[in-house]
Structures are given as C-alpha cells and as structure tokens.
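Next comes target_3.cif, a file with mmCIF, C-alpha atoms.
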```cif
data_protein
#
loop_
_atom_site.group_PDB
_atom_site.id
_atom_site.type_symbol
_atom_site.label_atom_id
_atom_site.label_comp_id
_atom_site.auth_asym_id
_atom_site.auth_seq_id
_atom_site.Cartn_x
_atom_site.Cartn_y
_atom_site.Cartn_z
ATOM 1 C CA MET A 1 -11.590 1.189 -17.226
ATOM 2 C CA SER A 2 -9.941 0.616 -13.856
ATOM 3 C CA GLN A 3 -11.690 1.546 -10.640
ATOM 4 C CA TRP A 4 -8.338 2.792 -9.320
ATOM 5 C CA LYS A 5 -7.029 6.339 -9.836
ATOM 6 C CA SER A 6 -3.368 7.339 -9.611
ATOM 7 C CA THR A 7 -2.439 8.585 -6.173
ATOM 8 C CA LYS A 8 0.593 9.419 -4.049
ATOM 9 C CA ALA A 9 2.369 6.644 -2.154
ATOM 10 C CA ARG A 10 1.959 8.449 1.182
ATOM 11 C CA ARG A 11 -1.823 8.313 0.761
ATOM 12 C CA VAL A 12 -1.730 4.598 -0.051
ATOM 13 C CA LEU A 13 0.487 3.875 2.962
ATOM 14 C CA ALA A 14 -1.843 5.876 5.230
ATOM 15 C CA ALA A 15 -4.817 3.862 3.936
ATOM 16 C CA LEU A 16 -2.997 0.579 4.582
ATOM 17 C CA LEU A 17 -2.231 1.658 8.135
ATOM 18 C CA ARG A 18 -5.892 2.626 8.653
ATOM 19 C CA ILE A 19 -7.144 -0.807 7.562
ATOM 20 C CA GLY A 20 -4.923 -2.613 10.057
ATOM 21 C CA TRP A 21 -1.449 -2.968 8.558
ATOM 22 C CA THR A 22 1.497 -2.016 10.767
ATOM 23 C CA VAL A 23 5.126 -1.315 9.921
ATOM 24 C CA LYS A 24 7.148 -4.324 11.047
ATOM 25 C CA ARG A 25 10.505 -2.913 9.943
ATOM 26 C CA GLN A 26 11.936 -0.307 7.586
ATOM 27 C CA SER A 27 15.112 0.003 5.571
ATOM 28 C CA GLY A 28 15.223 3.227 3.583
ATOM 29 C CA SER A 29 12.016 3.504 1.570
ATOM 30 C CA HIS A 30 11.304 -0.232 1.901
ATOM 31 C CA ARG A 31 8.739 -0.846 4.620
ATOM 32 C CA THR A 32 7.733 -4.377 5.568
ATOM 33 C CA LEU A 33 4.102 -4.300 6.639
ATOM 34 C CA GLU A 34 2.334 -6.971 8.645
ATOM 35 C CA ARG A 35 -1.299 -7.793 9.361
ATOM 36 C CA GLU A 36 -2.720 -10.822 11.072
ATOM 37 C CA GLY A 37 -4.096 -13.341 8.600
ATOM 38 C CA TRP A 38 -2.083 -11.915 5.674
ATOM 39 C CA PRO A 39 1.460 -12.558 4.455
ATOM 40 C CA ASN A 40 3.919 -9.700 5.017
ATOM 41 C CA TYR A 41 3.913 -7.050 2.289
ATOM 42 C CA VAL A 42 6.927 -4.937 1.265
ATOM 43 C CA PHE A 43 5.845 -1.378 0.442
ATOM 44 C CA ALA A 44 8.799 0.001 -1.543
ATOM 45 C CA PHE A 45 7.789 3.512 -2.607
ATOM 46 C CA HIS A 46 9.015 6.969 -1.670
ATOM 47 C CA GLU A 47 6.315 9.199 -0.152
ATOM 48 C CA ASN A 48 6.003 11.474 -3.210
ATOM 49 C CA ASP A 49 5.939 8.656 -5.787
ATOM 50 C CA GLU A 50 2.809 8.531 -7.920
ATOM 51 C CA ILE A 51 1.311 5.032 -7.975
ATOM 52 C CA GLY A 52 -0.723 4.219 -11.070
ATOM 53 C CA PRO A 53 -3.923 2.181 -11.409
ATOM 54 C CA VAL A 54 -2.218 -1.091 -12.398
ATOM 55 C CA MET A 55 0.156 -1.032 -9.435
ATOM 56 C CA LEU A 56 -2.670 -0.041 -7.086
ATOM 57 C CA ALA A 57 -4.649 -3.077 -8.267
ATOM 58 C CA ARG A 58 -1.641 -5.299 -7.508
ATOM 59 C CA ILE A 59 -1.238 -3.753 -4.047
ATOM 60 C CA ALA A 60 -4.957 -4.238 -3.399
ATOM 61 C CA LYS A 61 -4.825 -7.902 -4.356
ATOM 62 C CA GLN A 62 -1.996 -8.541 -1.880
ATOM 63 C CA THR A 63 -3.276 -6.348 0.981
ATOM 64 C CA GLY A 64 -7.072 -6.218 0.806
ATOM 65 C CA LEU A 65 -7.070 -2.482 0.041
ATOM 66 C CA LEU A 66 -10.287 -1.173 -1.540
ATOM 67 C CA PRO A 67 -10.775 2.009 -3.635
ATOM 68 C CA GLY A 68 -12.986 3.412 -0.863
ATOM 69 C CA ASP A 69 -10.112 3.083 1.639
ATOM 70 C CA LEU A 70 -8.156 5.820 -0.129
#
```
Transcribe the structure of this file into structure tokens.
Amino acid sequence: MSQWKSTKARRVLAALLRIGWTVKRQSGSHRTLEREGWPNYVFAFHENDEIGPVMLARIAKQTGLLPGDL
C-alpha cells in the first residue's frame, strides 16, 4: 500500500512552495518550478485536478516532497 493519498493539485503545489520551490515561469497550467540544488520541475496540472498516489510518488522523487508536507 502506498503512503500517498490522492489529493488536489492546488494542495500539492502549495506544499511544494512551502518546502522551498518557487515558480520560475508559467504558461497556462504548466508551471516551471525551481529550487537551489534541484533540477527544474514542470508542474503541469490544473488546480482542481486530482493527483493519485502513483503520480504523487513520482513528483516526490523529483522534488523531495514528503507525505507529511501535504
């Protein structure tokens, strides 16, 4: 069983911003996020999209997000 629960994209984006990511640029729903020491990450979800456990695990691997950050 995954430690991740489905959640809304706006909540995930807010958590990323809290842990130090910033929006470098935006084009529509595609936001390029940056954080020192990490490669840029493209967050390409609409605010009301539901992100499932598998995708959350992928986001976490690329951004350092932890379940407790949500």
*Find, counting only C-alpha atoms, the residue in A:Gly68, A:Ala15, A:Asn40, A:Trp4 that gets nearest to A:Val54.*
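Closest candidate: A:Trp4.
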*Taking into account all atoms listed in the file, which residue in the set A:Ile51, A:Leu33, A:Ala57, A:Leu65 is nearest to A:Ile19?*
A:Leu65
*Distance atom CA of A:Glu50-atom CA of A:Ser6, one decimal place?*
6.5 Å
*Coordinates-based distance that separates atom CA of A:Gly37 from atom CA of A:Lys8 (Å, one decimal)*: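 For atom CA of A:Lys8 relative to atom CA of A:Gly37, the distance reads 26.5 Å.
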*Tell me which protein, DNA and RNA residues are within 9 Å of A:Thr7, counting only C-alpha atoms, leaving out same-chain ones fewer than 2 positions away, and put them as a PyMOL selection string.*
chain A and resi 4-5+9-12+49-53+56+70
